[in-house]
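What follows is my_file-v4.csv (CSV, C-alpha atoms).
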chain,number,residue,atom,x,y,z
A,1,MET,CA,-34.2,45.9,26.8
A,2,PRO,CA,-37.8,46.6,27.9
A,3,ARG,CA,-40.4,44.9,25.8
A,4,LYS,CA,-42.2,48.2,25.2
A,5,LEU,CA,-39.3,49.6,23.3
A,6,ARG,CA,-39.8,47.0,20.6
A,7,ARG,CA,-43.3,48.4,20.0
A,8,ILE,CA,-42.1,51.9,19.2
A,9,ASP,CA,-43.4,53.0,15.8
A,10,ALA,CA,-41.9,56.2,14.6
A,11,HIS,CA,-44.0,56.2,11.3
A,12,LEU,CA,-47.1,57.7,12.9
A,13,PRO,CA,-45.4,60.8,14.5
A,14,LEU,CA,-43.5,61.3,11.2
A,15,ALA,CA,-46.7,61.2,9.2
A,16,LEU,CA,-48.5,63.7,11.6
A,17,VAL,CA,-45.6,66.2,11.6
A,18,GLY,CA,-45.0,65.7,7.8
A,19,LEU,CA,-48.7,66.4,7.2
A,20,LEU,CA,-48.5,69.6,9.3
A,21,VAL,CA,-45.4,71.0,7.6
A,22,ALA,CA,-46.4,69.8,4.1
A,23,ARG,CA,-47.0,72.4,1.4
A,24,PRO,CA,-48.4,70.1,-1.3
A,25,SER,CA,-49.3,71.4,-4.7
A,26,ALA,CA,-51.5,69.6,-7.3
A,27,GLY,CA,-48.3,68.5,-9.1
A,28,SER,CA,-46.5,67.2,-6.1
A,29,LEU,CA,-49.6,65.3,-5.0
A,30,ALA,CA,-50.0,63.7,-8.4
A,31,ALA,CA,-46.3,62.8,-8.8
A,32,GLY,CA,-46.1,61.5,-5.1
A,33,ALA,CA,-49.3,59.5,-5.5
A,34,VAL,CA,-47.9,57.6,-8.5
A,35,LEU,CA,-44.9,56.6,-6.3
A,36,VAL,CA,-47.1,55.7,-3.3
A,37,LEU,CA,-49.3,53.5,-5.5
A,38,ALA,CA,-46.2,51.9,-7.0
A,39,GLY,CA,-45.0,51.2,-3.5
A,40,ILE,CA,-48.4,49.7,-2.5
A,41,ALA,CA,-48.3,47.5,-5.6
A,42,VAL,CA,-44.8,46.2,-4.9
A,43,ARG,CA,-45.8,45.4,-1.3
A,44,ALA,CA,-49.0,43.7,-2.4
A,45,TRP,CA,-47.1,41.7,-5.0
A,46,ALA,CA,-44.7,40.5,-2.3
A,47,ALA,CA,-47.3,39.9,0.4
A,48,GLY,CA,-49.2,37.5,-1.9
A,49,PHE,CA,-46.1,35.2,-2.1
A,50,LEU,CA,-44.6,35.3,1.4
A,51,ASP,CA,-45.5,32.7,4.0
A,52,LYS,CA,-44.0,34.0,7.2
A,53,GLY,CA,-42.5,31.1,9.1
A,54,GLY,CA,-43.0,28.8,6.1
A,55,PRO,CA,-40.3,27.7,3.6
A,56,LEU,CA,-37.9,30.3,2.3
A,57,CYS,CA,-39.8,32.3,-0.3
A,58,THR,CA,-38.1,32.9,-3.6
A,59,ASP,CA,-41.2,33.5,-5.7
A,60,GLY,CA,-42.7,36.6,-7.2
A,61,PRO,CA,-40.6,39.7,-6.5
A,62,TYR,CA,-38.5,37.5,-4.1
A,63,ARG,CA,-36.9,36.1,-7.3
A,64,PHE,CA,-35.2,39.5,-7.9
A,65,LEU,CA,-34.6,40.9,-4.4
A,66,ARG,CA,-34.7,39.7,-0.8
A,67,HIS,CA,-36.8,42.4,0.8
A,68,PRO,CA,-39.5,43.5,-1.6
A,69,LEU,CA,-41.8,44.6,1.2
A,70,TYR,CA,-39.3,47.1,2.4
A,71,LEU,CA,-38.5,48.3,-1.1
A,72,GLY,CA,-42.3,48.9,-1.5
A,73,SER,CA,-42.3,50.8,1.8
A,74,LEU,CA,-39.3,52.9,0.7
A,75,ILE,CA,-40.9,53.7,-2.6
A,76,ALA,CA,-44.1,54.8,-0.8
A,77,ALA,CA,-42.1,56.9,1.6
A,78,LEU,CA,-40.4,58.6,-1.3
A,79,GLY,CA,-43.9,59.3,-2.7
A,80,PHE,CA,-44.9,61.0,0.6
A,81,VAL,CA,-41.7,63.1,0.6
A,82,VAL,CA,-42.6,64.2,-3.0
A,83,MET,CA,-46.2,65.0,-1.8
A,84,MET,CA,-44.9,67.1,1.1
A,85,ASN,CA,-43.2,69.4,-1.4
A,86,VAL,CA,-40.8,70.6,1.4
A,87,ILE,CA,-37.2,70.7,0.2
A,88,TRP,CA,-35.6,69.8,3.6
A,89,GLY,CA,-38.0,66.8,3.9
A,90,TRP,CA,-35.6,64.9,1.7
A,91,ALA,CA,-32.6,65.6,3.9
A,92,ILE,CA,-34.4,64.5,7.1
A,93,ILE,CA,-36.7,61.7,6.1
A,94,LEU,CA,-34.5,59.7,3.7
A,95,PRO,CA,-31.6,59.1,6.1
A,96,LEU,CA,-34.1,58.1,8.8
A,97,PHE,CA,-35.8,55.6,6.6
A,98,LEU,CA,-32.5,54.2,5.3
A,99,LEU,CA,-31.3,53.8,8.9
A,100,LEU,CA,-34.4,52.1,10.2
A,101,TYR,CA,-34.9,49.7,7.2
A,102,THR,CA,-31.2,48.8,7.1
A,103,VAL,CA,-31.2,47.8,10.7
A,104,GLN,CA,-34.4,45.9,10.1
A,105,MET,CA,-33.1,44.1,7.0
A,106,LEU,CA,-29.8,43.1,8.5
A,107,GLY,CA,-31.6,41.8,11.6
A,108,GLU,CA,-33.9,39.7,9.4
A,109,GLU,CA,-31.0,38.5,7.4
A,110,ARG,CA,-29.4,37.2,10.6
A,111,HIS,CA,-32.6,35.5,11.6
A,112,LEU,CA,-33.1,34.0,8.1
A,113,ARG,CA,-29.6,32.6,8.0
A,114,ALA,CA,-30.1,31.0,11.4
A,115,ALA,CA,-33.5,29.5,10.3
A,116,TYR,CA,-32.7,28.4,6.7
A,117,GLY,CA,-28.9,27.9,6.7
A,118,ASP,CA,-27.3,27.0,3.4
A,119,ALA,CA,-30.5,27.6,1.4
A,120,HIS,CA,-30.6,31.2,2.6
A,121,GLN,CA,-26.8,31.6,2.0
A,122,ARG,CA,-27.2,30.5,-1.7
A,123,TYR,CA,-30.3,32.7,-2.1
A,124,ALA,CA,-28.4,35.7,-0.6
A,125,ARG,CA,-25.5,35.1,-3.0
A,126,ALA,CA,-27.9,34.9,-6.0
A,127,VAL,CA,-30.2,37.9,-5.3
A,128,PRO,CA,-29.5,41.5,-4.1
A,129,ILE,CA,-30.8,42.6,-0.7
A,130,LEU,CA,-33.0,45.6,-1.8
A,131,LEU,CA,-32.4,46.8,-5.3
A,132,PRO,CA,-32.9,44.4,-8.2
A,133,LEU,CA,-30.1,44.2,-10.7
A,134,PRO,CA,-30.3,42.9,-14.3
A,135,GLY,CA,-29.3,39.2,-14.5
A,136,ARG,CA,-29.5,38.7,-10.7
A,137,ARG,CA,-32.4,36.3,-10.1
A,138,THR,CA,-33.2,32.9,-8.8
A,139,GLU,CA,-35.5,30.1,-9.8
A,140,THR,CA,-39.2,30.3,-9.0
A,141,GLN,CA,-40.6,27.6,-6.7
A,142,GLY,CA,-43.8,27.7,-8.7
A,143,ARG,CA,-45.9,29.4,-6.0
A,144,ARG,CA,-48.7,31.6,-7.3
A,145,TRP,CA,-49.8,35.0,-6.0
A,146,GLU,CA,-52.7,34.5,-3.6
A,147,LEU,CA,-54.9,37.1,-2.0
A,148,ALA,CA,-55.5,34.9,1.0
A,149,ARG,CA,-51.7,34.9,1.7
A,150,ALA,CA,-51.6,38.7,1.4
A,151,LEU,CA,-54.5,39.0,3.8
A,152,ARG,CA,-52.7,36.5,6.2
A,153,ASN,CA,-49.8,38.9,6.1
A,154,ARG,CA,-52.2,41.7,7.1
A,155,GLU,CA,-51.3,43.7,4.0
A,156,GLN,CA,-54.8,45.1,3.8
A,157,TRP,CA,-54.0,47.3,6.8
A,158,HIS,CA,-50.9,48.7,5.2
A,159,VAL,CA,-53.0,49.6,2.1
A,160,VAL,CA,-55.8,51.2,4.2
A,161,VAL,CA,-53.3,53.3,6.3
A,162,THR,CA,-51.3,54.4,3.3
A,163,LEU,CA,-54.3,55.4,1.3
A,164,SER,CA,-55.7,57.2,4.3
A,165,LEU,CA,-52.5,59.2,4.5
A,166,VAL,CA,-52.8,60.1,0.8
A,167,ALA,CA,-56.4,61.3,1.5
A,168,LEU,CA,-55.1,63.4,4.4
A,169,PHE,CA,-52.4,65.0,2.1
A,170,ILE,CA,-55.2,65.9,-0.4
A,171,LEU,CA,-57.2,67.5,2.5
A,172,ARG,CA,-54.0,69.4,3.5
A,173,TRP,CA,-53.6,70.7,0.0
A,174,ARG,CA,-57.3,71.8,0.0
A,175,ALA,CA,-56.8,73.6,3.3
A,176,LEU,CA,-53.7,75.6,2.2
B,1,MET,CA,-45.9,77.5,11.8
B,2,SER,CA,-43.1,79.0,13.9
B,3,ALA,CA,-39.4,78.2,13.6
B,4,ALA,CA,-39.5,76.7,17.2
B,5,PHE,CA,-42.3,74.3,16.1
B,6,TYR,CA,-40.2,73.1,13.2
B,7,LYS,CA,-37.1,72.6,15.3
B,8,TRP,CA,-38.9,70.6,18.0
B,9,ALA,CA,-40.8,68.6,15.4
B,10,VAL,CA,-37.6,67.6,13.7
B,11,ILE,CA,-35.9,66.7,17.0
B,12,ALA,CA,-38.9,64.5,18.0
B,13,ILE,CA,-39.0,62.7,14.7
B,14,VAL,CA,-35.3,62.0,14.6
B,15,THR,CA,-35.3,60.8,18.2
B,16,ALA,CA,-38.3,58.5,17.5
B,17,PHE,CA,-36.6,57.0,14.5
B,18,ILE,CA,-33.3,56.4,16.3
B,19,LEU,CA,-35.2,54.8,19.2
B,20,GLN,CA,-37.1,52.6,16.8
B,21,ALA,CA,-33.9,51.6,15.1
B,22,ILE,CA,-32.3,50.7,18.5
B,23,ALA,CA,-35.4,48.8,19.5
B,24,ARG,CA,-35.3,46.8,16.2
B,25,TYR,CA,-31.6,46.1,16.7
B,26,TRP,CA,-32.3,44.7,20.1
B,27,PHE,CA,-35.3,42.7,18.9
B,28,TRP,CA,-33.2,40.9,16.2
B,29,ARG,CA,-30.2,40.4,18.5
B,30,ARG,CA,-32.2,38.5,21.1

Could you show the structure in this file as structure tokens?
Amino acid sequence: MPRKLRRIDAHLPLALVGLLVARPSAGSLAAGAVLVLAGIAVRAWAAGFLDKGGPLCTDGPYRFLRHPLYLGSLIAALGFVVMMNVIWGWAIILPLFLLLYTVQMLGEERHLRAAYGDAHQRYARAVPILLPLPGRRTETQGRRWELARALRNREQWHVVVTLSLVALFILRWRAL
Amino acid sequence: MSAAFYKWAVIAIVTAFILQAIARYWFWRR
């Protein structure tokens, strides 16, 4: 598989087209923005605990689910679909996100199992992959949320890009 | 925006996402 194929990022074309076809209203923008901010918050919470390549992280949101960064992204994506205020946006965008993030999560699971072995297997049995469930949690390792860690994970760029897109949706609304 | 624009925009986006999913699959399978 050519290396370049790995660098494909379909989010940008989706954002551009989504912006063009969007018919946002004040209400859809407000409701969507709440979801987008919630998604950003979930991601930031997770990014402050995760050490990529370090020991298996089961702290913060990782106590309750295995892929909180992707849950945050999916919540933010839902927020943008709400902002678009185009009914068929749901039918097209949700299946695409679920497809992409499922492939990504299953790939990472495979990698994590190879890297962490039994520890990951126990963790995966204790905690759901994406949606937290009552009673399903694991012990904390006592790590604390650290901004420096979130910055090492380059989370600030996700925040900047996501908020910029929100700003563009507001401009789109003004231009209608 | 015309119906043709919508049609091609949707085809482009769906194709891009499927390509990215395939790329991700290959990335993790390596």

Test item: chain B residues at most 6 Å from chain A, counting all atoms listed in the file, as a PyMOL selection string: chain B and resi 13+16-17+20-21+23+28

Spatial neighbours of Val160 (chain A), 12 Å, all atoms listed in the file, chain gap at least 6 places, as a ChimeraX atom specification: /A:37,40,154,166-167

Generate a file of the selected residues that holds C-alpha atoms, formatted as a short mmCIF file (atom, residue, chain, number, x, y, z; two decimals), keeping the file's coordinate frame.
data_model
loop_
_atom_site.label_atom_id
_atom_site.label_comp_id
_atom_site.auth_asym_id
_atom_site.auth_seq_id
_atom_site.Cartn_x
_atom_site.Cartn_y
_atom_site.Cartn_z
CA LEU A 37 -49.30 53.50 -5.50
CA ILE A 40 -48.40 49.70 -2.50
CA ARG A 154 -52.20 41.70 7.10
CA VAL A 166 -52.80 60.10 0.80
CA ALA A 167 -56.40 61.30 1.50
#

For CA of Ala3 (chain B) and CA of Ala76 (chain A), quote the distance in Å rounded to one decimal. 27.9 Å

Interatomic distance between CA of Gln121 (chain A) and CA of Val42 (chain A)?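 We find that CA of Gln121 (chain A) and CA of Val42 (chain A) lie 24.2 Å from each other.
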
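Taking CA of Gln141 (chain A) as the reference point, CA of Leu35 (chain A) is found at 29.3 Å.
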
Neighbours of Arg122 (chain A) within 12 Å (all atoms listed in the file; same-chain residues fewer than 5 positions away dropped), as a list in words?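 The contact residues come out as Leu56, Thr58, Arg66, Leu112, Arg113, Tyr116, Gly117, Val127, Pro128, Arg137, Thr138 and Glu139 of chain A.
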
Minimum-distance residue to Pro55 (chain A), chosen among A:Arg144, A:His158, A:Arg149, A:His120 (using only C-alpha atoms):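 Of the candidates, the smallest distance to Pro55 (chain A) is held by A:His120.
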
Report, as lines of an AutoDock Vina configuration file, the axis-aligned box around all atoms of region 4-11 of chain B present in the file, extended by 3 Å on each side; give centre and edge lengths in Å to one decimal place.
center_x = -39.1
center_y = 71.7
center_z = 15.6
size_x = 12.4
size_y = 16.0
size_z = 10.8

Residues within 9 Å of Ala148 (chain A), please, as a VMD selection string. Count all atoms listed in the file; anything in the same chain fewer than 4 positions from it doesn't count. chain A and resid 48 152 to 153

Missing atoms in region 92-127 of chain A should be modelled up to N, CA and C atoms and reported as a PDB file, in the coordinates of the input.
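Written file, rebuild20.pdb:
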ATOM      1  N   ILE A  92     -34.073  65.095   5.750  1.00  0.00           N
ATOM      2  CA  ILE A  92     -34.400  64.500   7.100  1.00  0.00           C
ATOM      3  C   ILE A  92     -34.970  63.130   6.960  1.00  0.00           C
ATOM      4  N   ILE A  93     -35.923  62.958   6.075  1.00  0.00           N
ATOM      5  CA  ILE A  93     -36.700  61.700   6.100  1.00  0.00           C
ATOM      6  C   ILE A  93     -35.923  60.551   5.437  1.00  0.00           C
ATOM      7  N   LEU A  94     -35.235  60.804   4.318  1.00  0.00           N
ATOM      8  CA  LEU A  94     -34.500  59.700   3.700  1.00  0.00           C
ATOM      9  C   LEU A  94     -33.505  59.008   4.545  1.00  0.00           C
ATOM     10  N   PRO A  95     -32.594  59.777   5.206  1.00  0.00           N
ATOM     11  CA  PRO A  95     -31.600  59.100   6.100  1.00  0.00           C
ATOM     12  C   PRO A  95     -32.291  58.307   7.186  1.00  0.00           C
ATOM     13  N   LEU A  96     -33.397  58.823   7.736  1.00  0.00           N
ATOM     14  CA  LEU A  96     -34.100  58.100   8.800  1.00  0.00           C
ATOM     15  C   LEU A  96     -34.644  56.781   8.326  1.00  0.00           C
ATOM     16  N   PHE A  97     -35.282  56.795   7.161  1.00  0.00           N
ATOM     17  CA  PHE A  97     -35.800  55.600   6.600  1.00  0.00           C
ATOM     18  C   PHE A  97     -34.721  54.568   6.282  1.00  0.00           C
ATOM     19  N   LEU A  98     -33.626  55.083   5.687  1.00  0.00           N
ATOM     20  CA  LEU A  98     -32.500  54.200   5.300  1.00  0.00           C
ATOM     21  C   LEU A  98     -31.941  53.553   6.600  1.00  0.00           C
ATOM     22  N   LEU A  99     -31.784  54.354   7.652  1.00  0.00           N
ATOM     23  CA  LEU A  99     -31.300  53.800   8.900  1.00  0.00           C
ATOM     24  C   LEU A  99     -32.171  52.717   9.445  1.00  0.00           C
ATOM     25  N   LEU A 100     -33.457  53.029   9.578  1.00  0.00           N
ATOM     26  CA  LEU A 100     -34.400  52.100  10.200  1.00  0.00           C
ATOM     27  C   LEU A 100     -34.498  50.793   9.366  1.00  0.00           C
ATOM     28  N   TYR A 101     -34.654  50.938   8.058  1.00  0.00           N
ATOM     29  CA  TYR A 101     -34.900  49.700   7.200  1.00  0.00           C
ATOM     30  C   TYR A 101     -33.581  48.937   7.045  1.00  0.00           C
ATOM     31  N   THR A 102     -32.421  49.598   7.111  1.00  0.00           N
ATOM     32  CA  THR A 102     -31.200  48.800   7.100  1.00  0.00           C
ATOM     33  C   THR A 102     -31.031  47.985   8.316  1.00  0.00           C
ATOM     34  N   VAL A 103     -31.288  48.571   9.487  1.00  0.00           N
ATOM     35  CA  VAL A 103     -31.200  47.800  10.700  1.00  0.00           C
ATOM     36  C   VAL A 103     -32.192  46.625  10.660  1.00  0.00           C
ATOM     37  N   GLN A 104     -33.395  46.890  10.187  1.00  0.00           N
ATOM     38  CA  GLN A 104     -34.400  45.900  10.100  1.00  0.00           C
ATOM     39  C   GLN A 104     -34.014  44.731   9.135  1.00  0.00           C
ATOM     40  N   MET A 105     -33.519  45.103   7.954  1.00  0.00           N
ATOM     41  CA  MET A 105     -33.100  44.100   7.000  1.00  0.00           C
ATOM     42  C   MET A 105     -31.976  43.244   7.455  1.00  0.00           C
ATOM     43  N   LEU A 106     -30.963  43.894   8.051  1.00  0.00           N
ATOM     44  CA  LEU A 106     -29.800  43.100   8.500  1.00  0.00           C
ATOM     45  C   LEU A 106     -30.206  42.202   9.662  1.00  0.00           C
ATOM     46  N   GLY A 107     -31.122  42.673  10.520  1.00  0.00           N
ATOM     47  CA  GLY A 107     -31.600  41.800  11.600  1.00  0.00           C
ATOM     48  C   GLY A 107     -32.361  40.606  11.033  1.00  0.00           C
ATOM     49  N   GLU A 108     -33.210  40.840  10.048  1.00  0.00           N
ATOM     50  CA  GLU A 108     -33.900  39.700   9.400  1.00  0.00           C
ATOM     51  C   GLU A 108     -33.006  38.760   8.729  1.00  0.00           C
ATOM     52  N   GLU A 109     -31.988  39.320   8.068  1.00  0.00           N
ATOM     53  CA  GLU A 109     -31.000  38.500   7.400  1.00  0.00           C
ATOM     54  C   GLU A 109     -30.372  37.498   8.371  1.00  0.00           C
ATOM     55  N   ARG A 110     -30.027  38.044   9.523  1.00  0.00           N
ATOM     56  CA  ARG A 110     -29.400  37.200  10.600  1.00  0.00           C
ATOM     57  C   ARG A 110     -30.328  36.116  11.012  1.00  0.00           C
ATOM     58  N   HIS A 111     -31.586  36.469  11.201  1.00  0.00           N
ATOM     59  CA  HIS A 111     -32.600  35.500  11.600  1.00  0.00           C
ATOM     60  C   HIS A 111     -32.810  34.427  10.513  1.00  0.00           C
ATOM     61  N   LEU A 112     -32.889  34.897   9.242  1.00  0.00           N
ATOM     62  CA  LEU A 112     -33.100  34.000   8.100  1.00  0.00           C
ATOM     63  C   LEU A 112     -31.977  33.004   7.936  1.00  0.00           C
ATOM     64  N   ARG A 113     -30.761  33.522   8.123  1.00  0.00           N
ATOM     65  CA  ARG A 113     -29.600  32.600   8.000  1.00  0.00           C
ATOM     66  C   ARG A 113     -29.627  31.554   9.049  1.00  0.00           C
ATOM     67  N   ALA A 114     -29.998  31.948  10.270  1.00  0.00           N
ATOM     68  CA  ALA A 114     -30.100  31.000  11.400  1.00  0.00           C
ATOM     69  C   ALA A 114     -31.184  29.944  11.061  1.00  0.00           C
ATOM     70  N   ALA A 115     -32.300  30.418  10.477  1.00  0.00           N
ATOM     71  CA  ALA A 115     -33.500  29.500  10.300  1.00  0.00           C
ATOM     72  C   ALA A 115     -33.290  28.640   9.045  1.00  0.00           C
ATOM     73  N   TYR A 116     -32.710  29.161   7.968  1.00  0.00           N
ATOM     74  CA  TYR A 116     -32.700  28.400   6.700  1.00  0.00           C
ATOM     75  C   TYR A 116     -31.293  27.980   6.263  1.00  0.00           C
ATOM     76  N   GLY A 117     -30.260  28.428   6.987  1.00  0.00           N
ATOM     77  CA  GLY A 117     -28.900  27.900   6.700  1.00  0.00           C
ATOM     78  C   GLY A 117     -28.409  28.104   5.318  1.00  0.00           C
ATOM     79  N   ASP A 118     -27.936  26.980   4.728  1.00  0.00           N
ATOM     80  CA  ASP A 118     -27.300  27.000   3.400  1.00  0.00           C
ATOM     81  C   ASP A 118     -28.273  27.534   2.326  1.00  0.00           C
ATOM     82  N   ALA A 119     -29.549  27.167   2.426  1.00  0.00           N
ATOM     83  CA  ALA A 119     -30.500  27.600   1.400  1.00  0.00           C
ATOM     84  C   ALA A 119     -30.566  29.117   1.361  1.00  0.00           C
ATOM     85  N   HIS A 120     -30.543  29.749   2.532  1.00  0.00           N
ATOM     86  CA  HIS A 120     -30.600  31.200   2.600  1.00  0.00           C
ATOM     87  C   HIS A 120     -29.249  31.789   2.053  1.00  0.00           C
ATOM     88  N   GLN A 121     -28.154  31.129   2.392  1.00  0.00           N
ATOM     89  CA  GLN A 121     -26.800  31.600   2.000  1.00  0.00           C
ATOM     90  C   GLN A 121     -26.738  31.612   0.432  1.00  0.00           C
ATOM     91  N   ARG A 122     -27.229  30.530  -0.186  1.00  0.00           N
ATOM     92  CA  ARG A 122     -27.200  30.500  -1.700  1.00  0.00           C
ATOM     93  C   ARG A 122     -28.132  31.541  -2.247  1.00  0.00           C
ATOM     94  N   TYR A 123     -29.321  31.689  -1.624  1.00  0.00           N
ATOM     95  CA  TYR A 123     -30.300  32.700  -2.100  1.00  0.00           C
ATOM     96  C   TYR A 123     -29.681  34.097  -1.977  1.00  0.00           C
ATOM     97  N   ALA A 124     -29.018  34.369  -0.852  1.00  0.00           N
ATOM     98  CA  ALA A 124     -28.400  35.700  -0.600  1.00  0.00           C
ATOM     99  C   ALA A 124     -27.301  35.987  -1.596  1.00  0.00           C
ATOM    100  N   ARG A 125     -26.596  34.926  -2.025  1.00  0.00           N
ATOM    101  CA  ARG A 125     -25.500  35.100  -3.000  1.00  0.00           C
ATOM    102  C   ARG A 125     -26.116  35.427  -4.387  1.00  0.00           C
ATOM    103  N   ALA A 126     -27.277  34.835  -4.675  1.00  0.00           N
ATOM    104  CA  ALA A 126     -27.900  34.900  -6.000  1.00  0.00           C
ATOM    105  C   ALA A 126     -28.624  36.253  -6.216  1.00  0.00           C
ATOM    106  N   VAL A 127     -29.219  36.789  -5.150  1.00  0.00           N
ATOM    107  CA  VAL A 127     -30.200  37.900  -5.300  1.00  0.00           C
ATOM    108  C   VAL A 127     -29.829  39.040  -4.384  1.00  0.00           C
TER     109      VAL A 127
END
